[in-house]
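Have a look at the structure below, then the notes.
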Amino acid sequence: MKPPAQPKRVTIVDVAKHAQVSTTAVSKVLRNAYGTSPQMRAKVRQAIADLGYRPYAAARGMRGQTYTVGVMLPDIRNPFFPEILDGITDALWDTDYQVLVAPGRNGEEPEAKVTEAMVDRGMDGMILVAPISPRTHLERLAGIVPTVVVGRHGQSAVYDTVSDDDLAGAALVVDHLADLGHRRIAHIEHDETDPRRIAEMPNAIRANGYRQAMRVRGLDSEIDIVSTTYTQEGGYLGAQQLLSRPQPPTAIFAGADIVAMGVIQAVSEAGLLVPENISISGYDNTSFAALGPISLTSVDQAGRHIGSTAAQLLLDRIADRTRPTAQIKFSPTLVARRTTGHPPV
């Protein structure tokens with residue numbers, strides 16, 4: 001038997017014939033160009049709907065634009081990153097741009113593979129969320145394709161940045177716990193040893209903010225940091241280390257909500273109650289932090305707002321590659337919930 005014939009792709013010529021107009025008129029309507037009447041636009045759009053016409057992205061790319069935006073997320077399991085993605089897609093919803101997402105897998109090599117693929121496929125712009133690639137790589141990419149970097153500090157002459165004030169956010173947590181009466185406040189950070197990144201990565205800045213805030217509160221001798229990863233497993237292993245101390249902390253500041261989930265698990269397995277025996281705070285104020293059974297105290301860095309701002313910066317960069325770069329930093333807030341309370345007597 002012969003395989004069934006593949007359906008023929010609808011072309012701009014088919015649309016023009018159906019609407020009884022020229023292909024030039026259809027092209028102008030597709031590009032929102034001047035020179036078409038409302039009646040003409042209505043006829044063409046009706047023909048597009050009748051035939052199910054879709055512009056061929058590769059052909060558009062050869063003309064200079066593909067109307068695609070690549071978004072790299074480092075870890076799709078971290079619930080904070082989808083909130084940034086929601087903000088990006090919200091901001092681009094009423095535009096011609098389509099968002100395509102790829103995982104960076106928290107590694108320089110996978111990031112390079114993903115970002116190079118975005119360049120090779122002619123994407124009009126890229127939003128890179130919490131990239132760990134060297135600045136030289138990021139600036140090379142931004143020299144080719146308009147780029148916005150999210151969740152990484154520092155300033156560049158070729159790409160825009162959007163970040164949270166992580167120093168201030170860490171201080172909010174320490175001050176909240178200290179005001180409740182805690183002194184033995186520990187912190188679980190994401191291990192960062194690369195000197196090229198320490199000054200720019202939010203995890204390192206949060207840890208530094210924790211140290212600074214502890215010193216300001218006169219708690220220098222109580223500074224206690226465990227370095228693991230910003231994952232649930234990292235929080236679990238970090239909490240196990242802290243709970244095995246001769247004098248375990250009465251409060252744990254997890255560097256991310258996903259880390260706090262692992263902390264809660266380890267505390268529960270140790271037979272301890274939250275917050276009666278130990279208080280826990282996260283960072284990101286993800287959607288599950290507000291769930292009743294969890295009710296996690298967390299720092300809100302407005303993920304959707306970060307995402308929508310990044311998308312707008314990218315549109316501005318696509319429209320004008322020569323404009324000065326912008327570095328946007330948002331002020332976080334603390335949302336206190338049931339996982340923090342006074343220390344045990």
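Chain labels run A, B, ... following the order of the structure tokens; each chain numbers its residues from 1, and ligands are numbered from 1 in the order shown.
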Near segment 132-136 of chain A, within 10 Å and counting only C-alpha atoms, which residues show up once chain neighbours fewer than 6 positions away are dropped, as a PyMOL selection string?
chain A and resi 74+104+106-112+142+152+154+156+194+196-197+200-201
Please produce an output containing all heavy atoms for each residue in the selection, written as a compact mmCIF listing (two decimals), in the first residue's frame.
```txt
# COMPACT_ATOMS: atom_id res chain seq x y z
N PRO A 74 17.44 27.31 33.96
CA PRO A 74 18.50 26.42 34.44
C PRO A 74 17.99 25.09 34.96
O PRO A 74 18.68 24.07 34.86
CB PRO A 74 19.18 27.23 35.55
CG PRO A 74 18.13 28.20 36.00
CD PRO A 74 17.32 28.52 34.79
N GLY A 104 18.84 24.66 30.69
CA GLY A 104 20.29 24.82 30.73
C GLY A 104 20.99 23.82 31.61
O GLY A 104 22.21 23.69 31.58
N ASN A 106 21.89 23.71 34.62
CA ASN A 106 22.85 24.16 35.64
C ASN A 106 24.29 23.79 35.32
O ASN A 106 25.08 23.47 36.22
CB ASN A 106 22.47 23.60 37.02
CG ASN A 106 21.24 24.27 37.59
OD1 ASN A 106 21.15 25.50 37.62
ND2 ASN A 106 20.27 23.48 38.01
N GLY A 107 24.65 23.84 34.05
CA GLY A 107 26.03 23.52 33.68
C GLY A 107 26.50 24.37 32.52
O GLY A 107 25.72 24.72 31.64
N GLU A 108 27.79 24.70 32.51
CA GLU A 108 28.33 25.55 31.46
C GLU A 108 28.20 24.89 30.08
O GLU A 108 27.84 25.53 29.10
CB GLU A 108 29.80 25.88 31.74
CG GLU A 108 30.00 26.92 32.82
CD GLU A 108 31.44 27.38 32.89
OE1 GLU A 108 32.16 27.29 31.88
OE2 GLU A 108 31.86 27.83 33.98
N GLU A 109 28.52 23.59 30.00
CA GLU A 109 28.48 22.92 28.70
C GLU A 109 27.05 22.82 28.15
O GLU A 109 26.81 23.16 26.99
CB GLU A 109 29.11 21.52 28.81
CG GLU A 109 29.25 20.83 27.47
CD GLU A 109 29.98 19.51 27.57
OE1 GLU A 109 30.66 19.27 28.58
OE2 GLU A 109 29.86 18.70 26.63
N PRO A 110 26.06 22.37 28.99
CA PRO A 110 24.69 22.35 28.47
C PRO A 110 24.17 23.75 28.10
O PRO A 110 23.46 23.91 27.11
CB PRO A 110 23.88 21.75 29.62
CG PRO A 110 24.86 20.99 30.44
CD PRO A 110 26.14 21.76 30.33
N GLU A 111 24.54 24.75 28.91
CA GLU A 111 24.13 26.12 28.59
C GLU A 111 24.68 26.56 27.24
O GLU A 111 23.98 27.15 26.42
CB GLU A 111 24.61 27.09 29.67
CG GLU A 111 23.72 27.19 30.87
CD GLU A 111 24.11 28.33 31.78
OE1 GLU A 111 24.92 29.19 31.36
OE2 GLU A 111 23.62 28.37 32.92
N ALA A 112 25.96 26.27 27.01
CA ALA A 112 26.57 26.66 25.75
C ALA A 112 25.87 25.97 24.58
O ALA A 112 25.62 26.59 23.54
CB ALA A 112 28.06 26.32 25.76
N ALA A 142 25.42 38.04 23.22
CA ALA A 142 24.67 39.29 23.13
C ALA A 142 25.14 40.16 21.98
O ALA A 142 24.39 41.00 21.48
CB ALA A 142 24.78 40.06 24.44
N ARG A 152 21.08 37.52 37.54
CA ARG A 152 22.54 37.57 37.66
C ARG A 152 22.95 39.04 37.74
O ARG A 152 22.52 39.85 36.93
CB ARG A 152 23.20 36.89 36.48
CG ARG A 152 24.72 36.88 36.55
CD ARG A 152 25.30 35.79 35.69
NE ARG A 152 26.73 35.97 35.46
CZ ARG A 152 27.51 35.05 34.91
NH1 ARG A 152 26.99 33.91 34.50
NH2 ARG A 152 28.79 35.28 34.73
N GLY A 154 25.70 42.37 38.16
CA GLY A 154 26.78 42.86 37.32
C GLY A 154 26.24 43.72 36.21
O GLY A 154 25.03 43.78 35.96
N SER A 156 26.81 45.06 32.08
CA SER A 156 27.42 44.78 30.78
C SER A 156 27.05 45.86 29.79
O SER A 156 25.97 46.45 29.88
CB SER A 156 26.94 43.41 30.26
OG SER A 156 27.35 43.23 28.91
N ASP A 194 33.54 29.27 41.80
CA ASP A 194 34.18 29.88 40.64
C ASP A 194 34.34 31.38 40.87
O ASP A 194 33.33 32.10 40.97
CB ASP A 194 33.34 29.63 39.39
CG ASP A 194 34.07 30.01 38.11
OD1 ASP A 194 34.86 30.97 38.14
OD2 ASP A 194 33.84 29.34 37.07
N ARG A 196 35.01 33.69 38.94
CA ARG A 196 34.46 34.51 37.86
C ARG A 196 32.99 34.82 38.09
O ARG A 196 32.45 35.76 37.52
CB ARG A 196 34.60 33.79 36.52
CG ARG A 196 36.02 33.47 36.09
CD ARG A 196 36.01 32.58 34.85
NE ARG A 196 35.31 31.32 35.12
CZ ARG A 196 35.01 30.43 34.16
NH1 ARG A 196 35.32 30.68 32.90
NH2 ARG A 196 34.38 29.30 34.47
N ARG A 197 32.33 34.01 38.94
CA ARG A 197 30.88 34.16 39.10
C ARG A 197 30.47 34.65 40.48
O ARG A 197 29.33 35.11 40.64
CB ARG A 197 30.19 32.81 38.83
CG ARG A 197 30.32 32.30 37.41
CD ARG A 197 29.32 31.20 37.15
NE ARG A 197 29.54 30.04 37.99
CZ ARG A 197 30.13 28.92 37.60
NH1 ARG A 197 30.59 28.82 36.36
NH2 ARG A 197 30.27 27.90 38.41
N GLU A 200 28.63 37.87 40.95
CA GLU A 200 27.42 38.12 40.18
C GLU A 200 26.26 37.20 40.49
O GLU A 200 25.12 37.52 40.17
CB GLU A 200 27.75 38.00 38.68
CG GLU A 200 28.74 39.03 38.18
CD GLU A 200 28.89 39.01 36.67
OE1 GLU A 200 28.35 38.08 36.03
OE2 GLU A 200 29.54 39.92 36.12
N MET A 201 26.52 36.04 41.10
CA MET A 201 25.47 35.04 41.27
C MET A 201 24.61 35.34 42.49
O MET A 201 25.14 35.65 43.57
CB MET A 201 26.07 33.65 41.37
CG MET A 201 26.88 33.26 40.14
SD MET A 201 25.95 33.39 38.60
CE MET A 201 24.84 31.99 38.77
```
Check the smallest atom-to-atom distance from each of A:Asn208, A:Thr95, A:Asn32, A:Val129 to Asp75 of chain A using only C-alpha atoms, then report the winner.
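Between A:Asn208, A:Thr95, A:Asn32, A:Val129, the residue approaching Asp75 of chain A most closely is A:Val129.
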Would you kindly return, as a PyMOL selection string, each protein, DNA or RNA residue with an atom no farther than 10 Å from any atom of Gln247 of chain A, considering only C-alpha atoms and excluding same-chain residues fewer than 4 positions away?
chain A and resi 184+242-243
Go ahead and save the residues from that selection, with C-alpha atoms, as a short mmCIF file (atom, residue, chain, number, x, y, z; two decimals), in the first residue's frame.
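Output below, filename out_7.cif:
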```cif
data_model
loop_
_atom_site.label_atom_id
_atom_site.label_comp_id
_atom_site.auth_asym_id
_atom_site.auth_seq_id
_atom_site.Cartn_x
_atom_site.Cartn_y
_atom_site.Cartn_z
CA ARG A 184 21.45 30.52 66.19
CA LEU A 242 22.92 21.46 60.70
CA LEU A 243 20.76 19.26 62.91
#
```
Could you make a table, as JSON lines, of the residues of segment 185-275 of chain A that have an atom within 7 Å of an atom of segment 280-289 of chain A, each with its nearest atom pair and distance in Å to one decimal, counting only C-alpha atoms, in chain and number order?
```
{"residue": "A:Ala251", "atom": "CA", "partner": "A:Ile280", "partner_atom": "CA", "distance": 5.7}
{"residue": "A:Ile252", "atom": "CA", "partner": "A:Ile280", "partner_atom": "CA", "distance": 5.0}
{"residue": "A:Phe253", "atom": "CA", "partner": "A:Ser281", "partner_atom": "CA", "distance": 4.9}
{"residue": "A:Ala254", "atom": "CA", "partner": "A:Gly282", "partner_atom": "CA", "distance": 4.9}
{"residue": "A:Gly255", "atom": "CA", "partner": "A:Tyr283", "partner_atom": "CA", "distance": 5.7}
{"residue": "A:Ala256", "atom": "CA", "partner": "A:Tyr283", "partner_atom": "CA", "distance": 4.3}
{"residue": "A:Asp257", "atom": "CA", "partner": "A:Gly282", "partner_atom": "CA", "distance": 4.5}
{"residue": "A:Ala260", "atom": "CA", "partner": "A:Gly282", "partner_atom": "CA", "distance": 5.4}
```
Could you find all residues in segment 235-311 of chain A that DSSP calls helix (DSSP H, G or I) from the backbone, and write them as an NGL selection string?
:A and (235-243 or 257-269 or 287-290 or 303-311)
Close residues, segment 332-341 of chain A itself excluded, 8 Å, only C-alpha atoms, min 5 positions apart in chain, as a ChimeraX atom specification:
/A:164-166,168-169,172-173,177,180,251,274-276,278-281,285,294-302
